[in-house]
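Read through the structure below, which is laid out as structure tokens, and then see the notes.
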Amino acid sequence: MGKTFAEKVLGKAAGYAVKAGDVVTVEPHFCMSHDNAAPIARTFKKIGVPKVWKPDHIVFILDHAIPAPTDEHAQNHKEIREFSAAQGIKHFYDVTSKGGVCHQKMCEEGFALPGLVMIGSDSHTCTYGAYGAFSTGIGRSEMAAAWATGKIWFRVPESIKITLTGSFQKGVSAKDLILKIIGDIKADGADYMSVEFHGPGIHAMSLAERMTLCNMGIEMGAKNAVCPPDDKVLADIQGKEKTKDWEALWADDDAAYAKELAYDLGTLVPCVAKPHTVDNYASIDEVKDTPIHQAFLGSCTNARIEDLRLAAAILKGKQVAVRTIVIPASWVVYRQAMKEGLIDVFLDAGCVLANPGCGPCMGNHEGILAPGEACISTANRNFKGRMGNKESFIYLASPMTVAASALTGKISDPREVL
Ligand SMILES: CC(C)[C@H](C(=O)O)[C@@H](O)C(=O)O
Ligand code: SF4
């Protein structure tokens, strides 16, 4: 019997052969924390170990509320700067033009690499599976312990194999696929499992699309989500790898899976996740013409240059009908969008641009909704109160659907404007 991806990577990290169900203790390659590094640092200090295990393996990226919108956020940021200086943390992305949303930066900067074990104090750390890493979100106290000991334990997860064939129709994208998968298997459908994407459909996708898929692994309960480390991954990481310890590992053809699913990408349609759960799937036809008050094009799920290009193609030369907030995933993406003239397209259309970061995704600032308002968003969560107000409504959708809806003020089918 062959091995799954999770069995291979965790076995390599443990130093002996493992199978699903085994418990292993391994050394993580990189530990990522964002603004919540402040409470983690407080816990770390209580442990009583003077120094973190390896300062070069810890990454801090401020993004959740930057620049600080409240004195509490400012205090957190201050503590992180002090802790970072005291511990000699080399990879610290402060509020500068080198920053952006943590998961985007981890991929952009060459931390996300095939075959690495990566942990982050954020549930969407599963994004780095797009680069073939075993990558997962952990809690804050566990992160404090990992900084102190350089160790993390896992139960080797069972795996789900999702095979993708065919290609997307015009107006349909990776976001529609992942919303469909989550709608099918539900928010707990992959609880503590390793979700592997297979088939020609995944190889055809860009790294940006793969990041969108893996990013939302946690929304179906997955421990991690992962794509094959193919030529596209190897070309992307070339020259920017933050460690040479990576290795392109992938599942064997005869590995054992707890579940197998298959999707023909050509059969998918634009869709949304209706309020207030991510698995509340509706095809565009079911929700078409629902009024919205705000559109948000941003977050670690869908604010890469590829996403901005798709949205800009729809907005070009037109005017938005509702307030539309555009937040590129990083300053690298922002600059690229400027070079390509996309920022002008957004501004000409009446959109508002904000600095790269999480923005209104989890209701910290820059676009909180009023009671009774609805937002169509490219982010990954639509829980009650997620964007700061419990009486508001969030529809999750692709960049193309968000752009088409921004133009009409109603949920709209991007295929009709392409
Ligand atoms: C604040 C952070 C811990 C949280 C997460 O874990 O994902 C946030 O990024 C989110 O998207 O809900
Ligand atoms: S953009 Fe949203 S989902 Fe992503 S890390 Fe920030 S708050 Fe979490």
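Residues in the structure tokens are named by chain (A, B, ... in the order shown) and by number from 1 within that chain; ligands are numbered from 1 in the order shown.
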**Q.** ligand 1 neighbours within 9 Å using only C-alpha atoms and all ligand atoms, as a list in words
**A.** Ser33, His34, Asp35, Asn36, His64, Gly120, Ser121, Asp122, Ser123, His124, Thr125, Gly137, Ile138, Gly139, Arg140, Ile218, Ser299, Cys300, Cys358, Cys361, Met362, Ala379, Asn380, Arg381 and Arg386 of chain A
Q. Which of range 141-272 of chain A counts as strand (DSSP E or B) under DSSP, as a list in words please?
A.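 Reading the DSSP output for range 141-272 of chain A, strand (DSSP E or B) covers Ile152, Trp153, Phe154, Arg155, Ser159, Ile160, Lys161, Ile162, Thr163, Leu164, Thr165, Ser194, Val195, Glu196, Phe197, His198, Asn224, Ala225, Val226, Ala255, Lys259, Glu260, Leu261, Ala262, Tyr263, Asp264, Cys271 and Val272 of chain A.
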Q) With only C-alpha atoms as the basis for distance, which of A:Val49, A:Ala187, A:Ala208, A:Ala349 is at the shortest distance from Asn302 in chain A? A) A:Ala208
Q. Looking at A:His203, A:Lys288, A:Lys170, A:Lys274, which one is nearest to Gly183 in chain A, with distances taken over only C-alpha atoms?
A.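 Residue with the minimum atom-to-atom distance to Gly183 in chain A: A:Lys274.
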**Q.** Gap from CA of Val172 in chain A to CA of Leu268 in chain A - Å, one decimal
**A.** 7.0 Å
(Q) Restricting the calculation to only C-alpha atoms and all ligand atoms: of A:Ile376, A:Ala38, A:Ile47, A:Ile61, which residue gets closest to ligand 2? (A) A:Ile61
Q: Just give me the gap between CA of Met143 in chain A and CA of Phe44 in chain A in Å, one decimal is fine.
A: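 Between CA of Met143 in chain A and CA of Phe44 in chain A the gap works out to 8.6 Å.
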Q. Pick the closest to Lys98 in chain A from A:His365, A:Arg309, A:Arg335, A:Lys54: which is it, counting only C-alpha atoms?
A.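 Checking each of A:His365, A:Arg309, A:Arg335, A:Lys54 against Lys98 in chain A, counting only C-alpha atoms, the winner is A:Arg335.
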